[in-house]
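Text of the file work.cif, holding mmCIF, C-alpha atoms, pLDDT in the B column; chains and numbers go by the auth columns:
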data_my_file
loop_
_atom_site.group_PDB
_atom_site.id
_atom_site.type_symbol
_atom_site.label_atom_id
_atom_site.label_comp_id
_atom_site.label_asym_id
_atom_site.label_seq_id
_atom_site.Cartn_x
_atom_site.Cartn_y
_atom_site.Cartn_z
_atom_site.B_iso_or_equiv
_atom_site.auth_seq_id
_atom_site.auth_asym_id
ATOM 1 C CA MET A 1 106.234 20.720 45.173 71.00 176 A
ATOM 2 C CA THR A 2 107.305 20.055 41.634 87.00 177 A
ATOM 3 C CA LEU A 3 105.576 19.565 38.316 90.00 178 A
ATOM 4 C CA HIS A 4 107.310 17.575 35.598 92.00 179 A
ATOM 5 C CA SER A 5 105.992 17.642 32.039 91.00 180 A
ATOM 6 C CA VAL A 6 107.006 15.180 29.334 93.00 181 A
ATOM 7 C CA LEU A 7 105.777 15.227 25.721 90.00 182 A
ATOM 8 C CA LEU A 8 105.881 11.856 23.948 92.00 183 A
ATOM 9 C CA GLU A 9 104.607 12.191 20.374 88.00 184 A
ATOM 10 C CA ASP A 10 100.901 12.878 20.938 92.00 185 A
ATOM 11 C CA GLU A 11 100.843 12.185 24.695 96.00 186 A
ATOM 12 C CA VAL A 12 101.747 14.481 27.586 95.00 187 A
ATOM 13 C CA ILE A 13 102.527 13.210 31.065 96.00 188 A
ATOM 14 C CA LEU A 14 102.302 15.722 33.914 96.00 189 A
ATOM 15 C CA SER A 15 103.685 14.424 37.214 96.00 190 A
ATOM 16 C CA VAL A 16 103.162 16.229 40.510 94.00 191 A
ATOM 17 C CA GLU A 17 105.534 15.616 43.416 93.00 192 A
ATOM 18 C CA GLY A 18 104.628 16.986 46.841 90.00 193 A
ATOM 19 C CA VAL A 19 101.708 19.326 47.492 88.00 194 A
ATOM 20 C CA PHE A 20 99.531 20.204 44.487 89.00 195 A
ATOM 21 C CA ASP A 21 98.388 23.701 45.399 87.00 196 A
ATOM 22 C CA GLY A 22 98.038 27.134 43.799 82.00 197 A
ATOM 23 C CA ASP A 23 101.770 27.397 43.110 84.00 198 A
ATOM 24 C CA VAL A 24 101.794 24.146 41.140 88.00 199 A
ATOM 25 C CA ALA A 25 98.372 24.900 39.631 84.00 200 A
ATOM 26 C CA ALA A 26 99.821 27.839 37.666 86.00 201 A
ATOM 27 C CA ALA A 27 102.584 25.619 36.243 92.00 202 A
ATOM 28 C CA HIS A 28 99.976 22.939 35.473 92.00 203 A
ATOM 29 C CA HIS A 29 97.916 25.472 33.515 90.00 204 A
ATOM 30 C CA ARG A 30 100.975 26.513 31.464 92.00 205 A
ATOM 31 C CA ALA A 31 101.853 22.860 30.788 94.00 206 A
ATOM 32 C CA MET A 32 98.298 22.176 29.611 94.00 207 A
ATOM 33 C CA GLU A 33 98.409 25.150 27.240 93.00 208 A
ATOM 34 C CA ALA A 34 101.652 23.725 25.801 93.00 209 A
ATOM 35 C CA ALA A 35 99.989 20.296 25.475 94.00 210 A
ATOM 36 C CA TYR A 36 97.051 21.828 23.602 94.00 211 A
ATOM 37 C CA ALA A 37 99.457 23.744 21.342 93.00 212 A
ATOM 38 C CA ALA A 38 101.281 20.457 20.600 93.00 213 A
ATOM 39 C CA ASP A 39 97.906 18.877 19.713 94.00 214 A
ATOM 40 C CA ALA A 40 98.289 16.170 22.369 95.00 215 A
ATOM 41 C CA ARG A 41 95.628 13.467 21.995 96.00 216 A
ATOM 42 C CA ARG A 42 96.162 12.039 25.489 97.00 217 A
ATOM 43 C CA VAL A 43 97.126 13.710 28.758 97.00 218 A
ATOM 44 C CA VAL A 44 98.086 11.790 31.886 97.00 219 A
ATOM 45 C CA VAL A 45 98.089 13.700 35.166 97.00 220 A
ATOM 46 C CA ASP A 46 100.170 11.576 37.520 96.00 221 A
ATOM 47 C CA LEU A 47 99.348 12.256 41.172 94.00 222 A
ATOM 48 C CA THR A 48 101.020 9.114 42.491 93.00 223 A
ATOM 49 C CA MET A 49 103.804 11.182 44.108 93.00 224 A
ATOM 50 C CA ALA A 50 101.525 14.000 45.333 90.00 225 A
ATOM 51 C CA THR A 51 101.299 14.313 49.106 86.00 226 A
ATOM 52 C CA ALA A 52 98.196 16.541 49.136 86.00 227 A
ATOM 53 C CA VAL A 53 95.861 18.344 46.729 87.00 228 A
ATOM 54 C CA ASP A 54 94.059 21.537 47.743 86.00 229 A
ATOM 55 C CA GLY A 55 90.820 23.068 46.502 86.00 230 A
ATOM 56 C CA GLY A 56 92.553 25.390 44.035 87.00 231 A
ATOM 57 C CA ALA A 57 94.329 22.489 42.389 88.00 232 A
ATOM 58 C CA ALA A 58 91.046 20.550 42.297 90.00 233 A
ATOM 59 C CA ALA A 59 89.495 23.485 40.415 91.00 234 A
ATOM 60 C CA VAL A 60 92.413 23.486 37.949 93.00 235 A
ATOM 61 C CA LEU A 61 91.935 19.757 37.384 94.00 236 A
ATOM 62 C CA ALA A 62 88.220 20.313 36.741 95.00 237 A
ATOM 63 C CA ALA A 63 89.107 23.022 34.190 95.00 238 A
ATOM 64 C CA THR A 64 91.570 20.578 32.625 96.00 239 A
ATOM 65 C CA VAL A 65 88.742 18.074 32.163 97.00 240 A
ATOM 66 C CA THR A 66 86.652 20.732 30.407 96.00 241 A
ATOM 67 C CA GLY A 67 89.547 21.792 28.177 95.00 242 A
ATOM 68 C CA CYS A 68 90.429 18.231 27.217 96.00 243 A
ATOM 69 C CA ALA A 69 86.802 17.328 26.504 96.00 244 A
ATOM 70 C CA ALA A 70 86.409 20.373 24.248 95.00 245 A
ATOM 71 C CA ARG A 71 89.449 19.291 22.214 95.00 246 A
ATOM 72 C CA GLY A 72 88.705 15.564 22.105 95.00 247 A
ATOM 73 C CA THR A 73 91.787 14.878 24.221 96.00 248 A
ATOM 74 C CA HIS A 74 91.739 11.835 26.509 97.00 249 A
ATOM 75 C CA LEU A 75 92.509 12.752 30.126 97.00 250 A
ATOM 76 C CA ILE A 76 93.786 10.084 32.500 97.00 251 A
ATOM 77 C CA ILE A 77 94.362 10.767 36.187 96.00 252 A
ATOM 78 C CA ALA A 78 96.731 8.387 37.974 95.00 253 A
ATOM 79 C CA MET A 79 96.143 8.239 41.713 90.00 254 A
ATOM 80 C CA PRO A 80 98.114 6.594 44.527 83.00 255 A
ATOM 81 C CA ASP A 81 97.619 2.864 45.027 80.00 256 A
ATOM 82 C CA GLY A 82 97.479 2.211 41.276 85.00 257 A
ATOM 83 C CA VAL A 83 94.070 3.772 40.617 85.00 258 A
ATOM 84 C CA GLU A 84 93.814 5.255 37.117 92.00 259 A
ATOM 85 C CA ALA A 85 90.706 6.829 35.647 93.00 260 A
ATOM 86 C CA GLU A 86 89.800 8.389 32.339 96.00 261 A
ATOM 87 C CA VAL A 87 87.981 11.555 33.311 96.00 262 A
ATOM 88 C CA THR A 88 85.348 13.048 31.011 96.00 263 A
ATOM 89 C CA ASP A 89 83.252 15.148 33.408 96.00 264 A
ATOM 90 C CA PRO A 90 84.550 17.828 35.816 95.00 265 A
ATOM 91 C CA ALA A 91 82.289 16.400 38.546 93.00 266 A
ATOM 92 C CA GLN A 92 84.466 13.279 38.571 93.00 267 A
ATOM 93 C CA ILE A 93 87.413 15.238 40.018 92.00 268 A
ATOM 94 C CA GLU A 94 85.912 15.715 43.470 87.00 269 A
ATOM 95 C CA MET A 95 84.937 12.055 43.609 85.00 270 A
ATOM 96 C CA LEU A 96 88.472 10.963 42.642 86.00 271 A
ATOM 97 C CA LEU A 97 90.105 13.294 45.128 84.00 272 A
ATOM 98 C CA ARG A 98 87.901 12.001 47.936 78.00 273 A
ATOM 99 C CA SER A 99 89.618 8.671 47.454 63.00 274 A
ATOM 100 C CA PHE A 100 92.961 10.493 47.792 60.00 275 A
ATOM 101 C CA GLU A 101 93.066 10.804 51.575 56.00 276 A
ATOM 102 C CA PRO A 102 95.704 13.578 51.863 52.00 277 A
ATOM 103 C CA TRP A 103 93.846 16.055 49.661 48.00 278 A
ATOM 104 C CA ARG A 104 91.978 17.565 52.593 50.00 279 A
ATOM 105 C CA ASP A 105 95.236 18.431 54.355 48.00 280 A
ATOM 106 C CA ALA A 106 96.565 20.945 51.842 48.00 281 A
ATOM 107 C CA GLY A 107 94.274 23.891 52.075 48.00 282 A
#
Represent the structure of the file as structure tokens.
Amino acid sequence: MTLHSVLLEDEVILSVEGVFDGDVAAAHHRAMEAAYAADARRVVVDLTMATAVDGGAAAVLAATVTGCAARGTHLIIAMPDGVEAEVTDPAQIEMLLRSFEPWRDAG
């Protein structure tokens, strides 16, 4: 499990490789705080290389939606099979992760 964070001008790309669980969730939270501090206008959470996402990580993603919405930051979630969605409501996270078959296997 690895989280990579890249800042490109006013965009941050967070890529998860392997299982997105509580261990990665803490790093994700720190990366989001850095993105907010850098005044990022767009955040992409890339889950295309994630093998599973557990409930704790789903909660962190929902909190990310809330934080981005409060700051006017666009949040894009990239899923396996080329699915990308701009997320504006925390309730969208569960729906997106249901389409991500492995998420139920992590926790």
Once the PyMOL selection byres ((chain A and resi 178-190) around 6) is applied to the coordinates I shared, what remains selected? I want it as a compact mmCIF listing (two decimals) with C-alpha atoms, in the coordinates of the input.
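As a result, selection-v5.txt now contains:
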# COMPACT_ATOMS: atom_id res chain seq x y z
CA THR A 177 107.30 20.06 41.63
CA VAL A 191 103.16 16.23 40.51
CA ALA A 215 98.29 16.17 22.37
CA ARG A 216 95.63 13.47 22.00
CA ARG A 217 96.16 12.04 25.49
CA VAL A 218 97.13 13.71 28.76
CA VAL A 219 98.09 11.79 31.89
CA VAL A 220 98.09 13.70 35.17
CA ASP A 221 100.17 11.58 37.52
For the interface of stretch 224-264 of chain A with stretch 193-204 of chain A (cut-off 6 Å, counting only C-alpha atoms), please tabulate each contacting residue of stretch 224-264 of chain A alongside its nearest pair of atoms and their separation in Å to one decimal, rows sorted by chain and increasing number, as JSON lines.
{"residue": "A:Ala225", "atom": "CA", "partner": "A:Gly193", "partner_atom": "CA", "distance": 4.6}
{"residue": "A:Thr226", "atom": "CA", "partner": "A:Gly193", "partner_atom": "CA", "distance": 4.8}
{"residue": "A:Ala227", "atom": "CA", "partner": "A:Val194", "partner_atom": "CA", "distance": 4.8}
{"residue": "A:Val228", "atom": "CA", "partner": "A:Phe195", "partner_atom": "CA", "distance": 4.7}
{"residue": "A:Asp229", "atom": "CA", "partner": "A:Asp196", "partner_atom": "CA", "distance": 5.4}
{"residue": "A:Gly231", "atom": "CA", "partner": "A:Gly197", "partner_atom": "CA", "distance": 5.8}
{"residue": "A:Ala232", "atom": "CA", "partner": "A:Asp196", "partner_atom": "CA", "distance": 5.2}
Atoms to include: C-alpha atoms. Write the selected residues as a PDB file, in the frame of the given file.
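Written file, again_39.pdb:
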ATOM      1  CA  ALA A 225     101.525  14.000  45.333  1.00 90.00           C
ATOM      2  CA  THR A 226     101.299  14.313  49.106  1.00 86.00           C
ATOM      3  CA  ALA A 227      98.196  16.541  49.136  1.00 86.00           C
ATOM      4  CA  VAL A 228      95.861  18.344  46.729  1.00 87.00           C
ATOM      5  CA  ASP A 229      94.059  21.537  47.743  1.00 86.00           C
ATOM      6  CA  GLY A 231      92.553  25.390  44.035  1.00 87.00           C
ATOM      7  CA  ALA A 232      94.329  22.489  42.389  1.00 88.00           C
TER       8      ALA A 232
END
Closest of A:Asp264, A:Arg205, A:Met176, A:Leu222 to A:Ala245 - atom-to-atom distances counting all atoms listed in the file: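 Nearest candidate to A:Ala245 out of A:Asp264, A:Arg205, A:Met176, A:Leu222: A:Asp264.
Put simply, atom CA of A:Ala237 is 6.1 Å away from atom CA of A:Ile268.
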Can you tell me how far atom CA of A:Glu261 sits from atom CA of A:Gly242, in Å to one decimal?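 Atom-to-atom, atom CA of A:Glu261 and atom CA of A:Gly242 are spaced 14.0 Å apart.
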Grab the atom CA of A:Ile251 to atom CA of A:Ala238 distance for me, in Å with one decimal place. 13.9 Å
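Around the coordinate (95.2, 22.9, 29.1), residues that reach within 7 Å when counting only C-alpha atoms are His204, Ala206, Met207, Glu208, Ala210, Tyr211, Thr239, Gly242 and Cys243 of chain A.
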Residue with smallest distance to A:Asp256 - pool A:Met270, A:Gly230, A:Met224, A:Leu236, counting all atoms listed in the file: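 Under the stated criterion, the closest residue is A:Met224.
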Given 6 Å of margin on each side, can you work out the centre and size in Å (one decimal) of an axis-aligned box holding every listed atom of stretch 244-263 of chain A, as lines of an AutoDock Vina configuration file?
center_x = 91.7
center_y = 11.3
center_z = 33.6
size_x = 24.8
size_y = 30.2
size_z = 34.9
Kindly indicate which residue among A:Glu269, A:Val235, A:Thr223, A:Val262 lies nearest to A:Thr248, using all atoms listed in the file for the distances. A:Val262
Taking only C-alpha atoms into account, name the residue in A:Glu192, A:Arg273, A:Asp214, A:Ala234 that is nearest to A:Gly247. A:Asp214
